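Shown next: coords-v6.csv, given as CSV, C-alpha atoms.
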chain,number,residue,atom,x,y,z
L,1,MET,CA,86.2,127.6,127.6
L,2,ALA,CA,85.8,124.5,129.7
L,3,ALA,CA,82.3,123.9,128.3
L,4,ARG,CA,83.6,124.2,124.7
L,5,LYS,CA,86.3,121.6,125.6
L,6,LYS,CA,83.7,119.2,127.0
L,7,VAL,CA,81.6,119.5,123.8
L,8,LYS,CA,84.6,118.9,121.6
L,9,GLN,CA,85.5,115.8,123.6
L,10,ARG,CA,81.9,114.5,123.4
L,11,MET,CA,81.8,115.1,119.7
L,12,LYS,CA,85.0,113.1,119.2
L,13,LEU,CA,83.4,110.0,120.8
L,14,VAL,CA,80.9,109.9,117.9
L,15,LEU,CA,83.7,108.6,115.7
L,16,PHE,CA,83.4,105.2,117.2
L,17,GLY,CA,79.7,104.7,118.1
L,18,PHE,CA,78.6,104.1,114.5
L,19,GLU,CA,80.8,101.1,113.9
L,20,ALA,CA,79.1,99.2,116.7
L,21,VAL,CA,75.7,100.2,115.4
L,22,VAL,CA,76.5,98.9,111.9
L,23,ILE,CA,77.1,95.3,113.2
L,24,LEU,CA,74.1,95.5,115.4
L,25,VAL,CA,72.0,96.7,112.4
L,26,MET,CA,73.1,93.6,110.5
L,27,LEU,CA,72.4,91.3,113.4
L,28,GLY,CA,69.5,92.9,115.3
L,29,VAL,CA,67.1,94.5,112.7
L,30,LEU,CA,66.1,91.1,111.4
L,31,TYR,CA,64.7,90.2,114.8
L,32,LEU,CA,62.8,93.5,115.0
L,33,VAL,CA,61.4,93.1,111.5
L,34,MET,CA,60.3,89.6,112.0
L,35,ASN,CA,58.6,90.4,115.3
L,36,HIS,CA,56.9,93.5,113.9
L,37,SER,CA,58.5,95.9,116.5
L,38,SER,CA,57.0,99.4,116.4
L,39,GLU,CA,60.5,100.8,116.8
L,40,GLY,CA,63.1,101.0,114.1
L,41,PRO,CA,65.7,103.2,112.5
L,42,LYS,CA,64.9,106.6,110.9
L,43,VAL,CA,64.5,105.7,107.2
L,44,ALA,CA,65.6,108.1,104.5
L,45,GLU,CA,64.4,108.3,100.9
L,46,MET,CA,67.3,108.5,98.5
L,47,ASP,CA,66.9,109.7,94.9
L,48,PRO,CA,69.4,107.7,92.7
L,49,GLN,CA,69.1,110.4,90.0
L,50,VAL,CA,71.0,112.9,92.1
L,51,LEU,CA,73.7,110.5,93.5
L,52,GLU,CA,76.1,111.0,90.6
L,53,ILE,CA,76.4,107.4,89.6
L,54,HIS,CA,78.3,107.5,86.3
L,55,GLU,CA,76.8,105.6,83.3
L,56,GLU,CA,80.0,103.6,83.0
L,57,ILE,CA,79.5,102.5,86.6
L,58,ARG,CA,75.9,101.4,86.0
L,59,GLN,CA,77.2,99.2,83.2
L,60,LEU,CA,79.6,97.5,85.5
L,61,LYS,CA,76.6,96.3,87.6
L,62,GLU,CA,75.2,94.5,84.6
L,63,GLU,CA,75.9,90.9,83.5
L,64,GLY,CA,79.6,90.3,83.3
L,65,GLY,CA,80.5,93.6,85.0
L,66,THR,CA,83.2,93.7,87.7
L,67,MET,CA,80.8,95.3,90.3
L,68,ARG,CA,77.9,92.9,89.7
L,69,GLY,CA,77.0,90.9,92.8
L,70,TYR,CA,78.3,93.5,95.2
L,71,ARG,CA,76.3,95.9,97.5
L,72,ASN,CA,78.2,99.0,98.6
L,73,ILE,CA,76.9,100.8,101.7
L,74,ALA,CA,78.2,104.1,103.1
L,75,LEU,CA,78.7,104.3,106.9
L,76,PHE,CA,78.8,107.7,108.6
L,77,GLY,CA,79.6,108.5,112.2
L,78,LEU,CA,78.4,112.0,112.9
L,79,ASP,CA,79.1,114.7,115.5
L,80,ALA,CA,75.3,115.1,115.9
L,81,GLU,CA,74.0,115.9,119.3
L,82,THR,CA,70.3,116.0,118.4
L,83,ASP,CA,68.0,114.0,116.2
L,84,ASN,CA,67.7,116.8,113.7
L,85,GLN,CA,71.5,116.9,113.2
L,86,LEU,CA,71.3,113.3,112.0
L,87,TYR,CA,69.9,114.7,108.8
L,88,LYS,CA,72.2,117.7,108.2
L,89,SER,CA,74.5,120.3,109.8
L,90,SER,CA,76.7,117.7,111.4
L,91,HIS,CA,80.1,116.5,110.2
L,92,SER,CA,80.8,112.9,109.2
L,93,ASP,CA,83.9,112.5,111.3
L,94,SER,CA,84.0,108.8,110.3
L,95,ILE,CA,83.4,107.7,106.8
L,96,MET,CA,83.5,104.1,105.6
L,97,ILE,CA,82.4,102.0,102.6
L,98,ALA,CA,81.3,98.5,103.4
L,99,SER,CA,81.4,96.4,100.3
L,100,VAL,CA,79.3,93.2,100.6
L,101,ASN,CA,79.9,90.3,98.2
L,102,LEU,CA,76.3,88.9,98.0
L,103,ASP,CA,77.5,85.5,96.7
L,104,THR,CA,80.2,84.8,99.3
L,105,GLY,CA,79.1,87.1,102.2
L,106,ASP,CA,82.6,88.6,102.3
L,107,ILE,CA,82.7,92.2,103.5
L,108,LYS,CA,85.5,94.6,102.8
L,109,LEU,CA,85.8,97.9,104.7
L,110,VAL,CA,87.5,101.0,103.5
L,111,SER,CA,87.8,104.1,105.6
L,112,VAL,CA,87.7,107.4,103.6
L,113,TYR,CA,89.8,109.7,105.8
L,114,ARG,CA,87.5,112.6,106.9
L,115,ASP,CA,90.1,115.2,105.8
L,116,THR,CA,90.5,113.9,102.3
L,117,TYR,CA,90.5,116.7,99.7
L,118,LEU,CA,87.8,115.9,97.2
L,119,ASN,CA,85.1,117.5,95.0
L,120,LEU,CA,82.1,118.1,97.3
L,121,GLY,CA,79.9,118.9,94.3
L,122,ASP,CA,79.5,122.0,92.1
L,123,ASP,CA,83.3,121.8,91.6
L,124,TYR,CA,84.0,123.0,95.2
L,125,TYR,CA,86.9,121.1,96.7
L,126,TRP,CA,87.4,120.6,100.5
L,127,LYS,CA,87.5,118.0,103.2
L,128,ALA,CA,85.2,115.0,102.6
L,129,THR,CA,83.6,115.5,106.1
L,130,GLN,CA,82.1,118.8,105.0
L,131,ALA,CA,79.7,117.2,102.5
L,132,TYR,CA,77.4,115.8,105.1
L,133,PHE,CA,77.4,119.1,107.0
L,134,THR,CA,76.2,121.1,104.0
L,135,GLY,CA,73.9,118.5,102.3
L,136,GLY,CA,73.3,115.6,104.6
L,137,ALA,CA,73.6,111.9,103.6
L,138,GLU,CA,72.5,112.5,100.0
L,139,ALA,CA,75.4,115.0,99.5
L,140,ALA,CA,77.9,112.7,101.3
L,141,VAL,CA,76.9,109.7,99.2
L,142,LYS,CA,77.1,111.8,96.0
L,143,MET,CA,80.6,112.9,97.0
L,144,LEU,CA,81.7,109.3,97.4
L,145,ASN,CA,80.2,108.2,94.1
L,146,MET,CA,81.5,111.1,92.0
L,147,ASN,CA,85.1,111.0,93.3
L,148,LEU,CA,85.5,107.2,93.7
L,149,ASP,CA,83.5,105.9,90.7
L,150,MET,CA,81.1,104.1,93.1
L,151,ASP,CA,77.4,103.1,92.9
L,152,ILE,CA,76.4,103.7,96.5
L,153,THR,CA,72.6,104.3,97.1
L,154,ASP,CA,72.4,103.1,100.7
L,155,PHE,CA,73.9,104.5,103.9
L,156,VAL,CA,73.8,104.1,107.7
L,157,ALA,CA,74.5,107.1,109.9
L,158,VAL,CA,74.4,107.5,113.7
L,159,GLY,CA,74.8,110.4,116.1
L,160,TYR,CA,76.2,110.4,119.6
L,161,LYS,CA,75.4,107.2,121.5
L,162,GLY,CA,78.9,106.1,122.5
L,163,LEU,CA,80.7,102.8,122.0
L,164,ARG,CA,80.9,102.1,125.7
L,165,GLY,CA,77.3,100.9,126.2
L,166,VAL,CA,77.4,98.7,123.1
L,167,ILE,CA,80.6,96.9,124.0
L,168,ASP,CA,79.6,96.5,127.6
L,169,GLY,CA,76.3,95.1,126.5
L,170,LEU,CA,78.2,92.5,124.5
L,171,GLY,CA,80.3,91.7,127.5
L,172,GLY,CA,83.4,93.4,126.2
L,173,ILE,CA,85.7,92.7,123.2
L,174,TYR,CA,89.2,91.2,122.8
L,175,ILE,CA,91.9,93.5,121.6
L,176,ASP,CA,95.7,93.1,121.5
L,177,VAL,CA,97.2,96.1,123.3
L,178,ASP,CA,100.8,96.8,122.5
L,179,GLU,CA,103.5,98.7,124.5
L,180,VAL,CA,102.9,102.0,122.8
L,181,GLU,CA,99.2,101.8,123.1
L,182,LEU,CA,99.4,101.0,126.8
L,183,GLN,CA,101.3,104.3,127.4
L,184,HIS,CA,98.2,106.2,126.1
L,185,ILE,CA,95.1,104.2,126.7
L,186,ASN,CA,94.5,105.2,130.3
L,187,ASN,CA,95.1,108.9,129.6
L,188,TYR,CA,92.3,108.6,127.0
L,189,GLN,CA,90.1,106.8,129.5
L,190,ILE,CA,90.4,109.8,131.8
L,191,GLY,CA,89.1,112.1,129.1
L,192,VAL,CA,86.3,109.7,128.1
L,193,SER,CA,85.3,109.1,131.8
L,194,ASN,CA,85.1,112.9,132.4
L,195,VAL,CA,82.7,113.3,129.5
L,196,LEU,CA,80.6,110.3,130.5
L,197,LYS,CA,80.8,111.1,134.2
L,198,CYS,CA,81.8,107.6,135.2
L,199,ASP,CA,84.7,105.7,136.7
L,200,TYR,CA,87.2,103.7,134.7
L,201,ASN,CA,89.3,100.5,135.1
L,202,PRO,CA,93.0,101.1,134.2
L,203,VAL,CA,94.5,98.8,131.6
L,204,LYS,CA,97.6,97.4,133.4
L,205,GLU,CA,99.4,95.2,130.9
L,206,THR,CA,100.0,94.6,127.2
L,207,GLY,CA,98.7,91.6,125.2
L,208,TYR,CA,95.5,90.1,123.9
L,209,GLN,CA,92.8,90.9,126.5
L,210,LEU,CA,89.2,91.6,127.2
L,211,LEU,CA,88.5,95.4,127.1
L,212,ASP,CA,85.3,96.9,128.5
L,213,GLY,CA,83.4,99.6,126.7
L,214,LEU,CA,85.3,102.5,128.2
L,215,GLN,CA,88.7,100.9,127.6
L,216,ALA,CA,87.8,100.1,124.0
L,217,THR,CA,86.5,103.6,123.4
L,218,ALA,CA,89.8,105.0,124.7
L,219,TYR,CA,91.7,102.5,122.5
L,220,CYS,CA,89.9,103.9,119.5
L,221,ARG,CA,90.9,107.4,120.3
L,222,ILE,CA,94.7,106.8,120.5
L,223,ARG,CA,96.5,108.8,117.9
L,224,TYR,CA,100.0,109.1,119.4
L,225,GLY,CA,102.9,106.8,119.1
L,226,GLY,CA,103.1,106.9,115.3
L,227,GLY,CA,100.6,106.8,112.5
L,228,ASP,CA,98.4,109.7,113.8
L,229,ASP,CA,94.9,109.6,112.4
L,230,PHE,CA,95.7,106.9,109.9
L,231,LYS,CA,96.6,104.5,112.7
L,232,ARG,CA,93.7,105.6,114.8
L,233,THR,CA,91.3,104.8,111.9
L,234,SER,CA,92.9,101.4,111.7
L,235,ARG,CA,92.2,100.9,115.4
L,236,GLN,CA,88.5,101.8,114.7
L,237,ARG,CA,88.3,99.1,112.1
L,238,GLU,CA,90.0,96.6,114.4
L,239,VAL,CA,87.4,97.3,117.1
L,240,LEU,CA,84.6,96.9,114.5
L,241,LYS,CA,86.0,93.4,113.6
L,242,ALA,CA,86.2,92.5,117.3
L,243,ILE,CA,82.6,93.6,117.7
L,244,GLU,CA,81.6,91.4,114.7
L,245,ASP,CA,83.4,88.5,116.3
L,246,LYS,CA,81.7,88.9,119.7
L,247,ALA,CA,78.3,89.6,118.2
L,248,LYS,CA,78.3,86.4,116.3
L,249,LYS,CA,78.9,84.5,119.5
L,250,THR,CA,76.2,86.4,121.4
L,251,ASP,CA,72.6,85.1,121.8
L,252,LEU,CA,69.8,86.9,120.0
L,253,VAL,CA,68.1,88.2,123.2
L,254,THR,CA,71.2,90.0,124.2
L,255,LEU,CA,71.8,91.4,120.7
L,256,THR,CA,68.3,92.6,120.5
L,257,LYS,CA,68.5,94.4,123.9
L,258,VAL,CA,71.8,96.2,122.8
L,259,PHE,CA,70.3,97.0,119.4
L,260,ASN,CA,67.2,98.5,121.0
L,261,ASP,CA,69.3,100.7,123.2
L,262,CYS,CA,70.8,102.5,120.2
L,263,ILE,CA,68.0,102.2,117.6
L,264,GLY,CA,67.0,105.9,118.1
L,265,ASP,CA,70.4,107.1,116.9
L,266,ILE,CA,70.2,105.4,113.6
L,267,TYR,CA,69.4,107.2,110.3
L,268,THR,CA,69.5,105.0,107.2
L,269,SER,CA,68.2,104.3,103.7
L,270,LEU,CA,67.7,100.6,104.4
L,271,ASP,CA,64.1,99.6,104.8
L,272,SER,CA,62.9,96.2,106.1
L,273,GLY,CA,63.0,94.7,102.6
L,274,ASP,CA,66.6,95.8,102.1
L,275,ILE,CA,67.6,94.4,105.5
L,276,LEU,CA,65.9,91.1,105.0
L,277,GLU,CA,67.7,90.7,101.6
L,278,LEU,CA,71.0,91.3,103.3
L,279,LEU,CA,70.2,89.1,106.4
L,280,GLY,CA,68.7,86.1,104.7
L,281,ASP,CA,71.8,84.1,105.6
L,282,ILE,CA,73.5,86.3,108.3
L,283,ALA,CA,75.9,83.5,109.4
L,284,LYS,CA,77.8,83.7,106.1
L,285,TYR,CA,78.7,87.4,106.4
L,286,SER,CA,82.2,88.1,107.5
L,287,ILE,CA,84.7,91.0,107.4
L,288,VAL,CA,87.6,89.7,105.4
L,289,ASP,CA,89.7,92.7,104.7
L,290,GLU,CA,90.0,96.5,105.5
L,291,ASN,CA,92.1,99.5,104.4
L,292,GLY,CA,92.0,103.3,104.1
L,293,PHE,CA,91.5,105.8,101.2
L,294,PRO,CA,93.7,107.5,99.9
L,295,GLN,CA,96.0,104.5,99.9
L,296,GLU,CA,99.2,104.9,102.0
L,297,SER,CA,101.7,105.1,99.1
L,298,LEU,CA,99.4,107.5,97.1
L,299,ARG,CA,98.7,110.2,99.7
L,300,THR,CA,100.3,113.1,101.5
L,301,THR,CA,99.2,115.8,103.9
L,302,GLY,CA,99.4,119.5,103.9
L,303,ASN,CA,97.9,122.8,105.0
L,304,ILE,CA,95.8,124.1,102.0
L,305,GLY,CA,95.5,127.7,103.0
L,306,ALA,CA,92.3,128.7,104.7
L,307,LYS,CA,91.0,125.1,104.1
L,308,GLY,CA,93.3,123.8,106.8
L,309,SER,CA,95.2,120.5,107.1
L,310,CYS,CA,94.0,118.0,104.5
L,311,VAL,CA,94.8,114.5,103.3
L,312,ILE,CA,95.8,114.9,99.7
L,313,PRO,CA,95.3,112.0,97.1
L,314,MET,CA,98.6,112.6,95.2
L,315,ASP,CA,97.0,111.0,92.1
L,316,LEU,CA,93.2,110.5,92.4
L,317,GLU,CA,93.1,108.3,89.3
L,318,SER,CA,95.7,105.8,90.8
L,319,ASN,CA,93.8,105.8,94.1
L,320,VAL,CA,90.5,105.0,92.5
L,321,VAL,CA,92.1,102.2,90.4
L,322,TRP,CA,93.6,100.8,93.7
L,323,LEU,CA,90.2,101.1,95.4
L,324,HIS,CA,88.3,99.1,92.7
L,325,GLU,CA,90.9,96.4,92.5
L,326,PHE,CA,90.9,96.1,96.3
L,327,LEU,CA,87.1,95.9,96.6
L,328,PHE,CA,86.2,94.0,93.4
L,329,GLY,CA,89.4,92.1,92.4
L,330,ASP,CA,89.7,93.2,88.8
L,331,GLU,CA,91.7,95.8,86.8
L,332,TYR,CA,89.9,99.1,86.5
L,333,THR,CA,89.9,102.1,84.2
L,334,VAL,CA,88.6,105.3,85.8
L,335,THR,CA,85.9,107.6,84.3
L,336,GLU,CA,86.9,110.9,82.6
L,337,SER,CA,85.2,112.7,85.5
L,338,VAL,CA,87.6,111.2,88.0
L,339,LYS,CA,90.5,112.2,85.8
L,340,GLN,CA,89.2,115.8,85.7
L,341,TYR,CA,88.7,115.9,89.5
L,342,GLY,CA,92.3,114.6,90.0
L,343,ARG,CA,93.7,117.4,87.8
L,344,GLN,CA,91.8,120.0,89.8
L,345,ILE,CA,93.0,118.6,93.1
L,346,GLU,CA,96.6,118.8,91.9
L,347,GLU,CA,96.1,122.3,90.6
L,348,GLU,CA,94.6,123.5,93.9
L,349,THR,CA,97.0,121.8,96.2
L,350,SER,CA,100.4,121.6,94.5
L,351,SER,CA,101.6,125.1,95.4
L,352,TYR,CA,100.9,124.5,99.1
L,353,LEU,CA,102.7,121.1,99.1
L,354,LYS,CA,105.9,122.6,97.6
L,355,LYS,CA,106.3,125.0,100.5

Can you present the structure in this file as structure tokens?
Amino acid sequence: MAARKKVKQRMKLVLFGFEAVVILVMLGVLYLVMNHSSEGPKVAEMDPQVLEIHEEIRQLKEEGGTMRGYRNIALFGLDAETDNQLYKSSHSDSIMIASVNLDTGDIKLVSVYRDTYLNLGDDYYWKATQAYFTGGAEAAVKMLNMNLDMDITDFVAVGYKGLRGVIDGLGGIYIDVDEVELQHINNYQIGVSNVLKCDYNPVKETGYQLLDGLQATAYCRIRYGGGDDFKRTSRQREVLKAIEDKAKKTDLVTLTKVFNDCIGDIYTSLDSGDILELLGDIAKYSIVDENGFPQESLRTTGNIGAKGSCVIPMDLESNVVWLHEFLFGDEYTVTESVKQYGRQIEEETSSYLKK
């Protein structure tokens, strides 16, 4: 029983390691490519024909379309404990979409809550996290495209590496710890330190302060004091922004060392050409906004029978409209497919939500 508990704790830590890796991919891979390093991420071949990009969405990428000039990348944090589980049979416990405006360098982040009730393909509806488990990155990207009217063809996924080493390698990050968070952060540090078999430094006061890797990892895990997993996901994005801020102020030698420490845990569709295209002017990239899907006023939660506790988009169509307006800034009309999926979600969940 104790062993099972330890494995469960270790798997939870994966939620946060991938966010650090994403920033380091953006800042560190360019150095490796330019210097012809023999090491690099595990590169996947993605077939756009099976990724469920609707024809209407393809048209929005053309001249004058609202999605033209954007590159949308899926970010997956996995509960993988081995290299093989990077490819399949692991859950994407963290799911994000990073939308990059290639003209301005602005990046917007949207967390898709792992328990969101969506069409996983073949008209089977369950938690979004299950898509990666059954079909790997290709199935998870397909799930995002078909339910959210997206055009994603690229992804970054990582297994267990831990946020602690990355943040410590950067010299820590600055986070504003409030009174409620102070009540819980050290308890979470105890759990993390037990898994990593290391000591920890208690956080003793509130306010804007430098957190080390263990403290920041514990901060990411807090889900008490209001907000539950929604607030915890917000903390994850806060840490990602803090990493971005610190990484931009860190010298290239240090960045490269930290990047090399986690390179083996990265599985991605981005090859060197893709990365060079994104990193041609790295200084201009900046995270300017972040949010979560389903949107707060358009979601609920409930136990959906044997499928367990789920996050329910109360109106999938309205949520997708909100998502596109948030990412791309224009009014949007969803595809007929999204309308159909929304009706099915309502049909399958409404009786449970009325109880």

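When all atoms listed in the file are used to measure the gap to Lys257 of chain L, the shortest distance among L:Leu170, L:Leu323, L:Ala306, L:Leu120 belongs to L:Leu170.
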
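With atom CA of Leu182 of chain L on one side and atom CA of Glu238 of chain L on the other, the separation reads 16.2 Å.
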
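Each of L:Glu347, L:Ser99, L:Gly292, L:Arg68 was checked against Lys231 of chain L using only C-alpha atoms; the smallest atom-to-atom distance is that of L:Gly292.
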
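Going from atom CA of Leu118 of chain L to atom CA of Tyr341 of chain L covers 7.8 Å.
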
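Residue nearest Asp154 of chain L within the list L:Lys127, L:Lys248, L:His54, L:Arg71: L:Arg71 [criterion: smallest interatomic distance, all atoms listed in the file].
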
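Closest approach to Ile53 of chain L among L:Leu144, L:Lys88, L:Gln209, L:Phe326 is made by L:Leu144 (distances from all atoms listed in the file).
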
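The residue set within 9 Å of Met46 of chain L, counting all atoms listed in the file and dropping same-chain residues fewer than 6 places from it, reads Ala137, Glu138, Thr153, Asp154 and Ser269 of chain L.
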
Checklist line | Exercise: Thr116 of chain L partners within 10 Å, only C-alpha atoms, chain neighbours under 5 positions left out, as number ranges by chain | finding: L: 125-129, 293-294, 299-301, 309-313

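Of the listed residues (L:Asp122, L:Asp330, L:Asp251, L:Glu325), L:Asp251 comes nearest to Gly171 of chain L; the distances count all atoms listed in the file.
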
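Nearest to Lys61 of chain L of all the residues L:Ile345, L:Ile152, L:Val112, L:Ala216 is L:Ile152, based on only C-alpha atoms.
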
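Put simply, atom CA of Tyr267 of chain L is 14.7 Å away from atom CA of Phe133 of chain L.
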
Note to self: List the spatial neighbours of Leu148 of chain L as an MDAnalysis selection string - criterion: any atom at most 9 Å away, only C-alpha atoms, same-chain residues fewer than 5 positions off excluded.
What the structure shows: chainID L and resid 143 316:317 319:321 323:324 334 338
